[in-house]
Amino acid sequence: MSDELKSAWELALEKLNAQEGAPVEKLSEEQRTAVAEIRSRYKAKVAEAEIGAESQIKQAVQSGKYDQIEQIKQRLVDERNRLNREMESEVEKAKAGK
């Protein structure tokens, strides 16, 4: 057993992998830092998209264009999904050490 403390995320991942029979993924400190930076950057991008969508919704309401609200919301969902895919791709590359 290791002497270093593990984060709740690492413990949960180990438990999940043990249930599935998958090997436990060990990441270097550099990889963990890279993954954290990637996730932080994409969290900011999602927040930016949400703020933009909120602004567009307010403008649509103020101008009485209520039919545009659902379109704006759907674009936000699509943007979140796109950003999430990009983030996961970058995280996988960072984990692989690329």
# chains A, B, ... in the order shown; residues from 1 in each chain; ligands from 1
$ residues_around --residues "Lys95 (chain A)" --least-positions-apart "6" --cutoff "12 Å" --atoms "only C-alpha atoms" --output "NGL selection string"
:A and (25-36 or 38 or 88-89)
$ write_last_selection --atoms "N, CA and C atoms" --output "tab-separated table (two decimals), in the first residue's frame"
chain	number	residue	atom	x	y	z
A	25	GLU	N	-5.62	3.15	-13.51
A	25	GLU	CA	-4.82	4.05	-14.32
A	25	GLU	C	-3.97	4.92	-13.41
A	26	LYS	N	-2.66	4.85	-13.58
A	26	LYS	CA	-1.73	5.67	-12.79
A	26	LYS	C	-1.26	6.83	-13.64
A	27	LEU	N	-1.46	8.03	-13.15
A	27	LEU	CA	-1.03	9.23	-13.87
A	27	LEU	C	0.10	9.88	-13.11
A	28	SER	N	1.05	10.41	-13.87
A	28	SER	CA	2.14	11.15	-13.25
A	28	SER	C	1.60	12.50	-12.76
A	29	GLU	N	2.38	13.17	-11.95
A	29	GLU	CA	1.99	14.49	-11.46
A	29	GLU	C	1.84	15.46	-12.63
A	30	GLU	N	2.73	15.34	-13.60
A	30	GLU	CA	2.67	16.20	-14.78
A	30	GLU	C	1.37	15.96	-15.57
A	31	GLN	N	0.99	14.69	-15.71
A	31	GLN	CA	-0.25	14.36	-16.42
A	31	GLN	C	-1.47	14.88	-15.66
A	32	ARG	N	-1.47	14.71	-14.35
A	32	ARG	CA	-2.59	15.20	-13.54
A	32	ARG	C	-2.72	16.71	-13.64
A	33	THR	N	-1.59	17.40	-13.64
A	33	THR	CA	-1.60	18.86	-13.77
A	33	THR	C	-2.15	19.26	-15.14
A	34	ALA	N	-1.70	18.56	-16.18
A	34	ALA	CA	-2.17	18.87	-17.54
A	34	ALA	C	-3.67	18.63	-17.65
A	35	VAL	N	-4.16	17.53	-17.10
A	35	VAL	CA	-5.58	17.22	-17.14
A	35	VAL	C	-6.38	18.29	-16.39
A	36	ALA	N	-5.89	18.70	-15.23
A	36	ALA	CA	-6.58	19.72	-14.45
A	36	ALA	C	-6.63	21.05	-15.21
A	38	ILE	N	-6.54	21.44	-18.49
A	38	ILE	CA	-7.47	21.26	-19.61
A	38	ILE	C	-8.90	21.41	-19.12
A	88	GLU	N	-12.54	16.02	-23.61
A	88	GLU	CA	-12.22	14.61	-23.37
A	88	GLU	C	-11.12	14.13	-24.31
A	89	SER	N	-11.13	14.62	-25.54
A	89	SER	CA	-10.07	14.26	-26.49
A	89	SER	C	-8.71	14.76	-26.00
$ select_by_dssp --residues "chain A" --states "helix (DSSP H, G or I)" --output "JSON, numbers by chain"
{"A": [8, 9, 10, 11, 12, 13, 14, 15, 16, 17, 18, 19, 20, 29, 30, 31, 32, 33, 34, 35, 36, 37, 38, 39, 40, 41, 42, 43, 44, 45, 46, 47, 48, 49, 50, 51, 52, 53, 54, 55, 56, 57, 58, 59, 60, 61, 62, 67, 68, 69, 70, 71, 72, 73, 74, 75, 76, 77, 78, 79, 80, 81, 82, 83, 84, 85, 86, 87, 88, 89, 90, 91, 92, 93, 94, 95, 96]}
$ atom_distance --atom1 "CA of Glu92 (chain A)" --atom2 "CA of Ala47 (chain A)"
22.2 Å
$ closest_residue --among "A:Ser55, A:Ser40, A:Asn17, A:Gln68" --to "Met87 (chain A)" --atoms "only C-alpha atoms"
A:Ser40
$ atom_distance --atom1 "CA of Glu54 (chain A)" --atom2 "CA of Lys73 (chain A)"
8.9 Å
$ atom_distance --atom1 "CA of Val61 (chain A)" --atom2 "CA of Tyr42 (chain A)"
28.5 Å
$ closest_residue --among "A:Leu16, A:Leu11, A:Gln59, A:Arg39" --to "Glu86 (chain A)" --atoms "only C-alpha atoms"
A:Arg39
